[in-house]
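final.txt follows (compact mmCIF, C-alpha atoms):
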```
# COMPACT_ATOMS: atom_id res chain seq x y z
CA MET R 1 0.00 0.00 0.00
CA ASN R 2 1.25 3.45 -0.83
CA ILE R 3 2.10 5.56 2.24
CA PHE R 4 1.08 8.79 0.50
CA ASP R 5 -2.50 7.64 0.26
CA MET R 6 -4.68 10.59 -0.63
CA ASP R 7 -8.03 8.98 0.16
CA ILE R 8 -10.09 11.13 2.48
CA GLN R 9 -13.55 10.68 3.93
CA LEU R 10 -16.22 13.34 3.69
CA TYR R 11 -16.50 13.87 7.46
CA GLU R 12 -12.73 14.41 7.59
CA ILE R 13 -13.00 17.20 5.02
CA TYR R 14 -15.73 18.92 7.08
CA MET R 15 -13.70 18.48 10.25
CA VAL R 16 -10.40 19.83 8.88
CA ALA R 17 -12.18 22.70 7.09
CA GLY R 18 -14.12 23.58 10.25
CA MET R 19 -11.04 23.44 12.46
CA SER R 20 -9.09 25.61 9.99
CA LEU R 21 -11.77 28.28 9.76
CA VAL R 22 -12.29 28.39 13.52
CA THR R 23 -8.55 28.57 14.28
CA PHE R 24 -7.79 31.22 11.67
CA GLY R 25 -10.86 33.19 12.73
CA ILE R 26 -9.69 33.22 16.34
CA ARG R 27 -6.18 34.32 15.43
CA TYR R 28 -7.33 37.00 12.96
CA ILE R 29 -10.54 38.49 14.41
CA MET R 30 -8.84 41.09 16.64
CA PHE R 31 -7.21 42.89 13.69
CA PRO R 32 -10.32 43.99 11.74
CA ILE R 33 -12.31 44.86 14.88
CA SER R 34 -9.60 46.55 16.93
CA GLY R 35 -9.81 49.91 15.16
CA ARG R 36 -13.47 50.32 16.10
CA PHE R 37 -13.11 50.42 19.85
CA GLN R 38 -10.54 50.96 22.56
CA PHE R 39 -9.74 48.04 24.85
CA PRO R 40 -10.21 48.85 28.53
CA LYS R 41 -6.90 49.48 30.32
CA LEU R 42 -7.45 46.51 32.61
CA PHE R 43 -7.91 44.17 29.63
CA GLU R 44 -4.62 45.33 28.12
CA GLN R 45 -2.88 44.86 31.46
CA GLY R 46 -4.31 41.35 31.70
CA LEU R 47 -2.93 40.39 28.29
CA SER R 48 0.65 40.37 29.60
CA TYR R 49 -0.29 37.42 31.83
CA VAL R 50 -1.86 35.39 29.02
CA PRO R 51 1.08 33.46 27.54
CA PRO R 52 2.57 32.08 30.80
CA VAL R 53 -0.85 31.44 32.35
CA VAL R 54 -2.27 29.54 29.36
CA LEU R 55 0.87 27.50 28.85
CA THR R 56 0.98 26.62 32.56
CA ALA R 57 -2.63 25.44 32.35
CA ILE R 58 -1.56 23.10 29.54
CA ILE R 59 1.68 21.96 31.23
CA VAL R 60 0.38 21.07 34.72
CA PRO R 61 -2.32 18.54 33.72
CA ALA R 62 -0.01 17.04 31.05
CA VAL R 63 2.65 16.45 33.71
CA LEU R 64 0.61 15.56 36.79
CA MET R 65 -2.16 13.63 35.01
CA PRO R 66 -0.31 11.91 32.15
CA THR R 67 -3.09 9.38 31.63
CA GLY R 68 -5.65 12.17 31.50
CA ASP R 69 -7.80 11.18 34.46
CA ILE R 70 -5.81 10.42 37.66
CA LEU R 71 -3.44 12.72 39.57
CA ASN R 72 -0.01 11.04 39.66
CA LEU R 73 2.34 12.77 42.13
CA LYS R 74 4.59 9.73 42.56
CA LEU R 75 8.29 10.03 41.77
CA SER R 76 7.83 7.09 39.43
CA ASN R 77 5.96 9.44 37.08
CA PRO R 78 8.51 10.20 34.34
CA TYR R 79 6.58 13.31 33.24
CA LEU R 80 6.94 14.74 36.75
CA ILE R 81 10.67 13.93 36.90
CA GLY R 82 11.21 15.45 33.43
CA ALA R 83 9.26 18.59 34.37
CA ILE R 84 11.28 19.03 37.59
CA ALA R 85 14.46 18.71 35.52
CA ALA R 86 13.12 21.32 33.07
CA CYS R 87 12.33 23.75 35.91
CA ILE R 88 15.78 23.33 37.50
CA VAL R 89 17.74 23.67 34.24
CA GLY R 90 15.51 26.51 33.00
CA GLY R 91 15.73 28.39 36.29
CA LEU R 92 19.51 28.03 36.55
CA PHE R 93 20.58 28.69 32.97
CA LYS R 94 17.65 30.56 31.39
CA ASN R 95 18.49 28.75 28.16
CA LEU R 96 15.54 27.36 26.22
CA LEU R 97 17.42 24.86 24.07
CA LEU R 98 19.32 23.46 27.06
CA THR R 99 16.08 23.20 29.04
CA ILE R 100 14.32 21.20 26.32
CA VAL R 101 17.24 18.90 25.49
CA VAL R 102 18.19 18.10 29.11
CA SER R 103 14.63 17.54 30.31
CA MET R 104 13.81 15.33 27.29
CA ALA R 105 16.95 13.29 28.01
CA VAL R 106 16.02 12.98 31.71
CA PHE R 107 12.46 12.01 30.79
CA LEU R 108 13.45 9.38 28.21
CA GLY R 109 16.26 8.03 30.41
CA PHE R 110 13.99 7.76 33.41
CA GLN R 111 11.24 6.14 31.39
CA TRP R 112 13.75 3.65 30.01
CA ILE R 113 15.12 2.77 33.48
CA PHE R 114 11.59 2.49 34.81
CA ALA R 115 10.61 0.18 31.95
CA MET R 116 13.66 -1.99 32.70
CA GLY R 117 12.99 -2.19 36.43
CA MET C 1 36.91 48.47 -1.31
CA ASN C 2 33.78 47.37 0.47
CA THR C 3 32.88 44.45 -1.77
CA ASN C 4 33.19 42.16 1.24
CA GLN C 5 30.60 44.09 3.17
CA SER C 6 28.14 44.18 0.31
CA MET C 7 28.17 40.38 0.27
CA LEU C 8 26.65 40.29 3.74
CA PRO C 9 23.00 41.10 4.24
CA GLU C 10 22.61 44.43 5.96
CA LYS C 11 21.68 44.28 9.60
CA ASN C 12 18.37 46.01 9.12
CA SER C 13 17.38 44.43 5.82
CA PRO C 14 14.14 42.40 5.65
CA PHE C 15 16.28 39.42 4.71
CA PHE C 16 18.44 39.69 7.82
CA GLN C 17 15.39 40.08 10.08
CA PHE C 18 13.74 37.04 8.47
CA PHE C 19 16.73 34.84 9.25
CA LYS C 20 17.12 36.32 12.71
CA GLY C 21 13.50 35.39 13.44
CA ALA C 22 14.04 31.86 12.17
CA LYS C 23 17.28 31.55 14.18
CA ASP C 24 15.67 32.73 17.43
CA THR C 25 12.90 30.16 16.92
CA PHE C 26 15.38 27.28 16.67
CA PRO C 27 15.17 26.17 20.35
CA LEU C 28 11.39 25.92 20.00
CA ILE C 29 11.80 23.92 16.79
CA VAL C 30 13.79 21.35 18.75
CA GLY C 31 10.78 20.92 21.03
CA ALA C 32 8.32 20.88 18.13
CA ILE C 33 10.13 18.08 16.26
CA PRO C 34 9.14 15.17 18.54
CA PHE C 35 5.75 16.84 19.08
CA GLY C 36 5.09 16.92 15.31
CA ILE C 37 6.40 13.42 14.71
CA ILE C 38 4.23 11.95 17.44
CA PHE C 39 1.22 13.77 15.99
CA GLY C 40 1.85 12.10 12.63
CA THR C 41 2.29 8.66 14.16
CA LEU C 42 -0.88 9.01 16.25
CA GLY C 43 -2.96 10.03 13.22
CA ALA C 44 -3.35 6.51 11.89
CA THR C 45 -3.78 5.07 15.42
CA ALA C 46 -6.73 7.41 15.95
CA GLY C 47 -8.27 6.23 12.67
CA LEU C 48 -7.62 9.30 10.51
CA SER C 49 -6.52 9.09 6.89
CA PHE C 50 -3.08 10.27 5.76
CA ALA C 51 -4.68 13.20 3.91
CA ALA C 52 -6.73 14.37 6.89
CA THR C 53 -3.78 14.16 9.31
CA LEU C 54 -1.47 16.08 6.99
CA GLY C 55 -4.29 18.44 6.00
CA MET C 56 -4.68 19.41 9.64
CA SER C 57 -1.01 20.39 9.91
CA ILE C 58 -1.24 22.31 6.60
CA PHE C 59 -4.48 24.20 7.23
CA VAL C 60 -5.08 24.27 10.99
CA PHE C 61 -1.48 24.58 12.23
CA ALA C 62 -2.26 24.48 15.96
CA GLY C 63 -0.46 21.66 17.76
CA ALA C 64 -2.39 21.35 21.03
CA SER C 65 -5.80 21.35 19.33
CA GLN C 66 -4.61 18.85 16.71
CA PHE C 67 -3.73 16.44 19.54
CA VAL C 68 -7.07 17.01 21.22
CA CYS C 69 -8.78 16.33 17.89
CA LEU C 70 -7.01 12.97 17.57
CA SER C 71 -8.20 11.88 21.00
CA LEU C 72 -11.76 12.90 20.11
CA VAL C 73 -11.66 11.10 16.74
CA ALA C 74 -10.38 7.99 18.51
CA ALA C 75 -13.35 8.25 20.91
CA GLY C 76 -15.74 8.44 17.96
CA THR C 77 -16.80 12.08 18.47
CA ALA C 78 -18.91 13.74 15.77
CA TRP C 79 -17.08 16.35 13.67
CA PRO C 80 -19.17 19.41 14.72
CA MET C 81 -18.25 18.68 18.35
CA ILE C 82 -14.57 18.44 17.36
CA VAL C 83 -14.76 21.83 15.62
CA LEU C 84 -16.37 23.33 18.72
CA THR C 85 -13.66 21.86 20.96
CA THR C 86 -10.99 23.28 18.64
CA PHE C 87 -12.62 26.67 19.14
CA VAL C 88 -12.36 26.35 22.92
CA VAL C 89 -8.82 24.96 22.98
CA ASN C 90 -7.55 27.68 20.61
CA LEU C 91 -9.46 30.56 22.16
CA ARG C 92 -6.23 31.67 23.85
CA HIS C 93 -4.93 32.67 20.43
CA MET C 94 -7.50 35.46 20.34
CA LEU C 95 -5.58 37.02 23.19
CA TYR C 96 -2.35 36.59 21.22
CA GLY C 97 -4.05 38.45 18.35
CA ALA C 98 -5.17 41.20 20.72
CA THR C 99 -1.59 41.54 21.97
CA MET C 100 -0.30 41.93 18.41
CA VAL C 101 -2.85 44.58 17.33
CA PRO C 102 -0.62 47.59 18.11
CA PHE C 103 2.42 45.93 16.53
CA TYR C 104 0.66 45.00 13.27
CA LYS C 105 -1.19 48.32 13.06
CA LYS C 106 0.68 49.74 10.06
CA LEU C 107 0.87 46.49 8.09
CA HIS C 108 -1.08 45.71 4.92
CA PRO C 109 -4.19 43.54 5.52
CA LEU C 110 -2.55 40.67 3.66
CA TRP C 111 0.41 40.78 6.07
CA LYS C 112 -2.02 40.70 8.98
CA MET C 113 -3.73 37.62 7.55
CA VAL C 114 -0.50 35.75 6.92
CA LEU C 115 1.03 36.59 10.30
CA SER C 116 -2.18 35.81 12.19
CA PHE C 117 -2.40 32.41 10.48
CA GLY C 118 0.98 31.66 12.06
CA LEU C 119 0.25 32.91 15.58
CA THR C 120 1.18 29.66 17.32
CA ASP C 121 2.29 29.60 20.96
CA GLU C 122 5.90 29.38 19.82
CA THR C 123 5.98 32.11 17.17
CA PHE C 124 3.90 34.38 19.38
CA ALA C 125 6.38 33.96 22.24
CA VAL C 126 9.39 34.70 20.01
CA ALA C 127 7.82 37.56 18.02
CA VAL C 128 6.23 39.40 20.93
CA THR C 129 9.60 39.50 22.71
CA ARG C 130 11.10 41.15 19.62
CA TYR C 131 8.24 43.64 19.20
CA MET C 132 8.47 44.66 22.85
CA GLN C 133 12.12 45.66 22.58
CA LYS C 134 12.05 49.42 22.60
CA ASP C 135 14.15 49.95 19.47
CA ASP C 136 12.53 51.40 16.38
CA ALA C 137 14.24 48.97 14.01
CA PRO C 138 12.20 48.45 10.83
CA TYR C 139 11.13 45.11 9.41
CA LYS C 140 10.15 43.44 12.66
CA GLU C 141 7.32 41.86 10.63
CA TYR C 142 9.94 39.98 8.62
CA TYR C 143 11.39 38.70 11.90
CA ASN C 144 7.89 37.45 12.80
CA LEU C 145 7.49 35.92 9.31
CA GLY C 146 10.84 34.13 9.57
CA SER C 147 9.80 32.54 12.84
CA MET C 148 6.44 31.52 11.40
CA VAL C 149 7.76 30.04 8.13
CA PHE C 150 10.39 28.00 10.00
CA MET C 151 7.78 26.65 12.46
CA TYR C 152 5.32 25.88 9.64
CA ALA C 153 7.81 24.07 7.40
CA ASN C 154 9.11 22.06 10.35
CA TRP C 155 5.64 21.19 11.62
CA ASN C 156 4.52 19.81 8.27
CA LEU C 157 7.78 17.98 7.63
CA CYS C 158 7.57 16.34 11.08
CA THR C 159 3.95 15.37 10.47
CA ILE C 160 4.97 13.59 7.25
CA ILE C 161 7.90 11.89 9.03
CA GLY C 162 5.52 10.79 11.78
CA LEU C 163 2.94 9.46 9.32
CA THR C 164 5.63 7.47 7.55
CA ALA C 165 7.24 6.27 10.79
CA GLY C 166 3.85 5.29 12.20
CA LYS C 167 3.38 2.83 9.35
CA THR C 168 6.95 1.54 9.65
CA PHE C 169 7.19 1.29 13.49
CA PRO C 170 3.66 0.92 14.88
CA GLY C 171 4.95 1.04 18.51
CA ILE C 172 6.45 4.55 18.21
CA SER C 173 3.38 6.26 19.67
CA GLU C 174 4.13 4.63 23.04
CA TRP C 175 7.67 6.01 23.39
CA GLY C 176 6.43 9.01 25.36
CA LEU C 177 7.69 11.62 22.92
CA ASP C 178 4.66 13.67 23.92
CA PHE C 179 6.73 15.02 26.84
CA ALA C 180 8.25 17.40 24.26
CA MET C 181 5.25 19.72 24.56
CA PRO C 182 5.37 20.35 28.34
CA ALA C 183 9.20 20.53 28.15
CA THR C 184 9.01 23.28 25.51
CA PHE C 185 6.28 25.18 27.31
CA ILE C 186 8.16 25.10 30.65
CA GLY C 187 11.13 26.61 28.83
CA ILE C 188 8.90 29.40 27.48
CA VAL C 189 7.20 30.14 30.83
CA ILE C 190 10.30 30.42 33.06
CA PRO C 191 11.60 33.77 31.71
CA TYR C 192 8.20 35.34 32.48
CA LEU C 193 8.50 34.55 36.20
CA VAL C 194 10.13 37.80 37.31
CA SER C 195 7.46 39.43 39.49
CA ARG C 196 5.28 38.35 42.40
CA PRO C 197 1.98 38.94 40.52
CA MET C 198 3.30 36.77 37.69
CA TRP C 199 4.20 33.96 40.10
CA ALA C 200 0.78 34.23 41.75
CA SER C 201 -1.05 34.09 38.41
CA VAL C 202 0.93 31.09 37.16
CA ILE C 203 0.53 29.13 40.43
CA THR C 204 -3.21 29.85 40.36
CA ALA C 205 -3.52 28.72 36.75
CA GLY C 206 -1.65 25.49 37.49
CA THR C 207 -3.77 24.69 40.53
CA VAL C 208 -7.08 25.49 38.84
CA SER C 209 -6.10 23.50 35.74
CA ILE C 210 -5.97 20.38 37.95
CA LEU C 211 -9.11 21.20 39.94
CA ALA C 212 -11.08 21.96 36.75
CA SER C 213 -9.64 19.11 34.70
CA GLY C 214 -12.90 17.17 35.02
CA LEU C 215 -14.86 19.79 33.09
CA PRO C 216 -16.07 18.66 29.67
CA HIS C 217 -14.64 19.75 26.32
CA LYS C 218 -11.28 20.93 27.74
CA LEU C 219 -13.06 23.91 29.32
CA GLY C 220 -10.74 23.58 32.34
CA LEU C 221 -8.04 25.30 30.29
CA MET C 222 -10.10 28.47 29.83
CA VAL C 223 -11.28 28.47 33.45
CA ALA C 224 -7.67 28.15 34.66
CA ALA C 225 -6.52 30.92 32.31
CA VAL C 226 -9.20 33.36 33.45
CA ALA C 227 -8.49 32.56 37.13
CA GLY C 228 -4.74 33.04 36.61
CA VAL C 229 -5.06 36.38 34.83
CA THR C 230 -7.54 37.64 37.44
CA VAL C 231 -5.25 36.74 40.35
CA GLY C 232 -2.31 38.37 38.55
CA LEU C 233 -4.22 41.61 38.08
CA VAL C 234 -5.47 41.65 41.68
CA CYS C 235 -1.93 41.10 43.02
CA GLU C 236 -0.58 43.81 40.74
CA LYS C 237 -3.19 46.20 42.11
CA LEU C 238 -2.32 45.24 45.73
CA PHE C 239 1.45 45.65 45.30
CA PHE C 240 0.97 48.89 43.40
CA THR C 241 -1.20 50.42 46.12
CA GLN C 242 1.27 49.31 48.80
CA LYS C 243 4.10 51.04 46.98
CA GLU C 244 2.08 54.24 46.65
CA GLN C 245 1.39 54.30 50.37
CA ALA C 246 5.02 53.67 51.33
```

In structure tokens, how does this file's structure come out?
Amino acid sequence: MNIFDMDIQLYEIYMVAGMSLVTFGIRYIMFPISGRFQFPKLFEQGLSYVPPVVLTAIIVPAVLMPTGDILNLKLSNPYLIGAIAACIVGGLFKNLLLTIVVSMAVFLGFQWIFAMG
Amino acid sequence: MNTNQSMLPEKNSPFFQFFKGAKDTFPLIVGAIPFGIIFGTLGATAGLSFAATLGMSIFVFAGASQFVCLSLVAAGTAWPMIVLTTFVVNLRHMLYGATMVPFYKKLHPLWKMVLSFGLTDETFAVAVTRYMQKDDAPYKEYYNLGSMVFMYANWNLCTIIGLTAGKTFPGISEWGLDFAMPATFIGIVIPYLVSRPMWASVITAGTVSILASGLPHKLGLMVAAVAGVTVGLVCEKLFFTQKEQA
């Protein structure tokens, strides 16, 4: 069978088209409407918190609930160990590349050891 | 004479800014590579066709929501519900757009469309840092474009690699490469943690994201974000008033 199989089902076309429109709409909408009104000062102040807050709300469940339903705070949780490594390396060196590479290595290494044991 | 110099792109040329943007995005690319590959490998596992999986990376270009979509497809969710969930999961990007409004103000509408298509977490983080530097260097939009094009090309290439690898090594989706996403995001968040209100808002968001994780349709994410921003603003107000009184 050819890997580059271009068969697609109708519901998949609707789904991908819908997701594309919705995502682009969200990212674009502020530009055409922004000239028509002034954002309240408080709203603009709040925006500076958005990136770290949203990303944290994605990180914490991914790390502490890796199976998606149960809180796993055990030190046998490789996601938790990897995240701790990322926080330590990131906090000490403030270097993004180093943070990603070291924490991925710690995560994969720990997962490997855990799978062995 | 100065033939040597003319060989190099000028520091403030659009070309130079484009490559600078791509270069500064490199660390995030490293995190996106396993993330994109695992997305491709999971596509078939979830029951999506090659074309739909790749089409999502080409047209949607929003990593977190693409993963959420796969889990919903695997659970047999109807497509309108998946589109609605995508809306909720990506709603944060509206705030990215709002942040960029003053920086894109003078750009042609076509520029705004292209750059807003590429407002991923990663490119937003890199580009907003550049825009907020108080120099009046021109062509910051090319810096933004460079970051976006690099992310986009990499994301689609990794999706194809993942789709191919998924057929070749069916077990690859269990290697745990999905840790790349939290690892990258932790690296992005840490430099923001410089003030007490910022710490308070991030700790709140993290706590609420766990407490609200049972909410349907990934709504916990939005609840946690709103709670975090609110706490940040309240703390800012408190510290500010204290300073005024002192």

Show me, as a tab-separated table, the residues of chain C having an atom within 7 Å of chain R, each with the closest atom pair and its distance in Å, using all atoms listed in the file.
```
residue	atom	partner	partner_atom	distance
C:Pro27	CA	R:Leu97	CA	4.5
C:Gly31	CA	R:Ile100	CA	6.4
C:Ser49	CA	R:Ile8	CA	6.0
C:Phe50	CA	R:Asp5	CA	6.1
C:Ala51	CA	R:Met6	CA	5.2
C:Ala52	CA	R:Glu12	CA	6.0
C:Gly55	CA	R:Val16	CA	6.9
C:Met56	CA	R:Val16	CA	5.8
C:Phe59	CA	R:Ser20	CA	5.6
C:Val60	CA	R:Ser20	CA	4.3
C:Trp79	CA	R:Met15	CA	5.3
C:Val83	CA	R:Met19	CA	5.1
C:Thr86	CA	R:Met19	CA	6.2
C:Phe87	CA	R:Val22	CA	5.9
C:Asn90	CA	R:Thr23	CA	6.5
C:Leu91	CA	R:Ile26	CA	6.4
C:His93	CA	R:Arg27	CA	5.4
C:Met94	CA	R:Ile26	CA	5.1
C:Leu95	CA	R:Leu47	CA	6.7
C:Gly97	CA	R:Arg27	CA	5.5
C:Ala98	CA	R:Met30	CA	5.5
C:Thr99	CA	R:Leu47	CA	6.6
C:Val101	CA	R:Phe31	CA	5.9
C:Met113	CA	R:Tyr28	CA	6.5
C:Ser116	CA	R:Tyr28	CA	5.3
C:Phe117	CA	R:Phe24	CA	5.6
C:Leu119	CA	R:Arg27	CA	6.6
C:Thr164	CA	R:Ile3	CA	6.7
C:Phe179	CA	R:Tyr79	CA	6.6
C:Ala180	CA	R:Met104	CA	6.7
C:Pro182	CA	R:Ile59	CA	5.0
C:Ala183	CA	R:Ile100	CA	5.5
C:Thr184	CA	R:Ile100	CA	5.8
C:Phe185	CA	R:Leu55	CA	6.1
C:Ile186	CA	R:Ala86	CA	6.7
C:Gly187	CA	R:Leu96	CA	5.2
C:Val189	CA	R:Pro52	CA	5.0
C:Ile190	CA	R:Gly90	CA	6.5
C:Pro191	CA	R:Lys94	CA	6.9
C:Tyr192	CA	R:Pro52	CA	6.7
C:Met198	CA	R:Tyr49	CA	6.9
C:Ser201	CA	R:Val53	CA	6.6
C:Val202	CA	R:Val53	CA	5.1
C:Ala205	CA	R:Ala57	CA	5.6
C:Gly206	CA	R:Ala57	CA	5.2
C:Ser209	CA	R:Ala57	CA	5.2
C:Ile210	CA	R:Pro61	CA	5.9
C:Leu221	CA	R:Ala57	CA	5.8
C:Ala224	CA	R:Ala57	CA	6.2
C:Ala225	CA	R:Val54	CA	5.4
C:Gly228	CA	R:Val53	CA	6.0
C:Val229	CA	R:Tyr49	CA	5.7
C:Leu233	CA	R:Gly46	CA	6.4
```

May I have the selected residues written with C-alpha atoms, as a compact mmCIF listing (two decimals), in the frame of the given file?
```txt
# COMPACT_ATOMS: atom_id res chain seq x y z
CA PRO C 27 15.17 26.17 20.35
CA GLY C 31 10.78 20.92 21.03
CA SER C 49 -6.52 9.09 6.89
CA PHE C 50 -3.08 10.27 5.76
CA ALA C 51 -4.68 13.20 3.91
CA ALA C 52 -6.73 14.37 6.89
CA GLY C 55 -4.29 18.44 6.00
CA MET C 56 -4.68 19.41 9.64
CA PHE C 59 -4.48 24.20 7.23
CA VAL C 60 -5.08 24.27 10.99
CA TRP C 79 -17.08 16.35 13.67
CA VAL C 83 -14.76 21.83 15.62
CA THR C 86 -10.99 23.28 18.64
CA PHE C 87 -12.62 26.67 19.14
CA ASN C 90 -7.55 27.68 20.61
CA LEU C 91 -9.46 30.56 22.16
CA HIS C 93 -4.93 32.67 20.43
CA MET C 94 -7.50 35.46 20.34
CA LEU C 95 -5.58 37.02 23.19
CA GLY C 97 -4.05 38.45 18.35
CA ALA C 98 -5.17 41.20 20.72
CA THR C 99 -1.59 41.54 21.97
CA VAL C 101 -2.85 44.58 17.33
CA MET C 113 -3.73 37.62 7.55
CA SER C 116 -2.18 35.81 12.19
CA PHE C 117 -2.40 32.41 10.48
CA LEU C 119 0.25 32.91 15.58
CA THR C 164 5.63 7.47 7.55
CA PHE C 179 6.73 15.02 26.84
CA ALA C 180 8.25 17.40 24.26
CA PRO C 182 5.37 20.35 28.34
CA ALA C 183 9.20 20.53 28.15
CA THR C 184 9.01 23.28 25.51
CA PHE C 185 6.28 25.18 27.31
CA ILE C 186 8.16 25.10 30.65
CA GLY C 187 11.13 26.61 28.83
CA VAL C 189 7.20 30.14 30.83
CA ILE C 190 10.30 30.42 33.06
CA PRO C 191 11.60 33.77 31.71
CA TYR C 192 8.20 35.34 32.48
CA MET C 198 3.30 36.77 37.69
CA SER C 201 -1.05 34.09 38.41
CA VAL C 202 0.93 31.09 37.16
CA ALA C 205 -3.52 28.72 36.75
CA GLY C 206 -1.65 25.49 37.49
CA SER C 209 -6.10 23.50 35.74
CA ILE C 210 -5.97 20.38 37.95
CA LEU C 221 -8.04 25.30 30.29
CA ALA C 224 -7.67 28.15 34.66
CA ALA C 225 -6.52 30.92 32.31
CA GLY C 228 -4.74 33.04 36.61
CA VAL C 229 -5.06 36.38 34.83
CA LEU C 233 -4.22 41.61 38.08
```

Worksheet item: Which distance in Å separates CA of Tyr139 in chain C and CA of Met151 in chain C, to one decimal?
Response: 19.0 Å

Fill in: Å distance separating CA of Val114 in chain C from CA of Asp136 in chain C, one decimal place
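These atoms are spaced 22.5 Å apart.
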
Discussion item. Could you list, as a ChimeraX atom specification, every residue within 7 Å of Trp155 in chain C, counting all atoms listed in the file and ignoring same-chain residues fewer than 4 positions away?
Written reply: /C:36,57,151,159

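With distances taken over all atoms listed in the file, C:Ala153 is the one residue among C:Ile82, C:Leu145, C:Ala153, C:Val126 lying closest to Phe61 in chain C.
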
Discussion item. When you look at Leu42 in chain C with a cut-off of 10 Å (counting all atoms listed in the file), what residues show up, excluding the ones that are within fewer than 2 positions of it in the same chain? I need them as number ranges by chain.
Written reply: C: 36-40, 44-48, 53, 67, 70-71, 74, 159, 162-163, 166, 170, 172-174

Output C-alpha atoms for every residue in that selection, as a short mmCIF file (atom, residue, chain, number, x, y, z; two decimals), in the frame of the given file.
```cif
data_model
loop_
_atom_site.label_atom_id
_atom_site.label_comp_id
_atom_site.auth_asym_id
_atom_site.auth_seq_id
_atom_site.Cartn_x
_atom_site.Cartn_y
_atom_site.Cartn_z
CA GLY C 36 5.09 16.92 15.31
CA ILE C 37 6.40 13.42 14.71
CA ILE C 38 4.23 11.95 17.44
CA PHE C 39 1.22 13.77 15.99
CA GLY C 40 1.85 12.10 12.63
CA ALA C 44 -3.35 6.51 11.89
CA THR C 45 -3.78 5.07 15.42
CA ALA C 46 -6.73 7.41 15.95
CA GLY C 47 -8.27 6.23 12.67
CA LEU C 48 -7.62 9.30 10.51
CA THR C 53 -3.78 14.16 9.31
CA PHE C 67 -3.73 16.44 19.54
CA LEU C 70 -7.01 12.97 17.57
CA SER C 71 -8.20 11.88 21.00
CA ALA C 74 -10.38 7.99 18.51
CA THR C 159 3.95 15.37 10.47
CA GLY C 162 5.52 10.79 11.78
CA LEU C 163 2.94 9.46 9.32
CA GLY C 166 3.85 5.29 12.20
CA PRO C 170 3.66 0.92 14.88
CA ILE C 172 6.45 4.55 18.21
CA SER C 173 3.38 6.26 19.67
CA GLU C 174 4.13 4.63 23.04
#
```

Discussion item. As an exercise, work out the distance from CA of Lys20 in chain C to CA of Phe103 in chain C in Å and give it to one decimal place.
Written reply: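 One can read the CA of Lys20 in chain C to CA of Phe103 in chain C distance as 18.0 Å.
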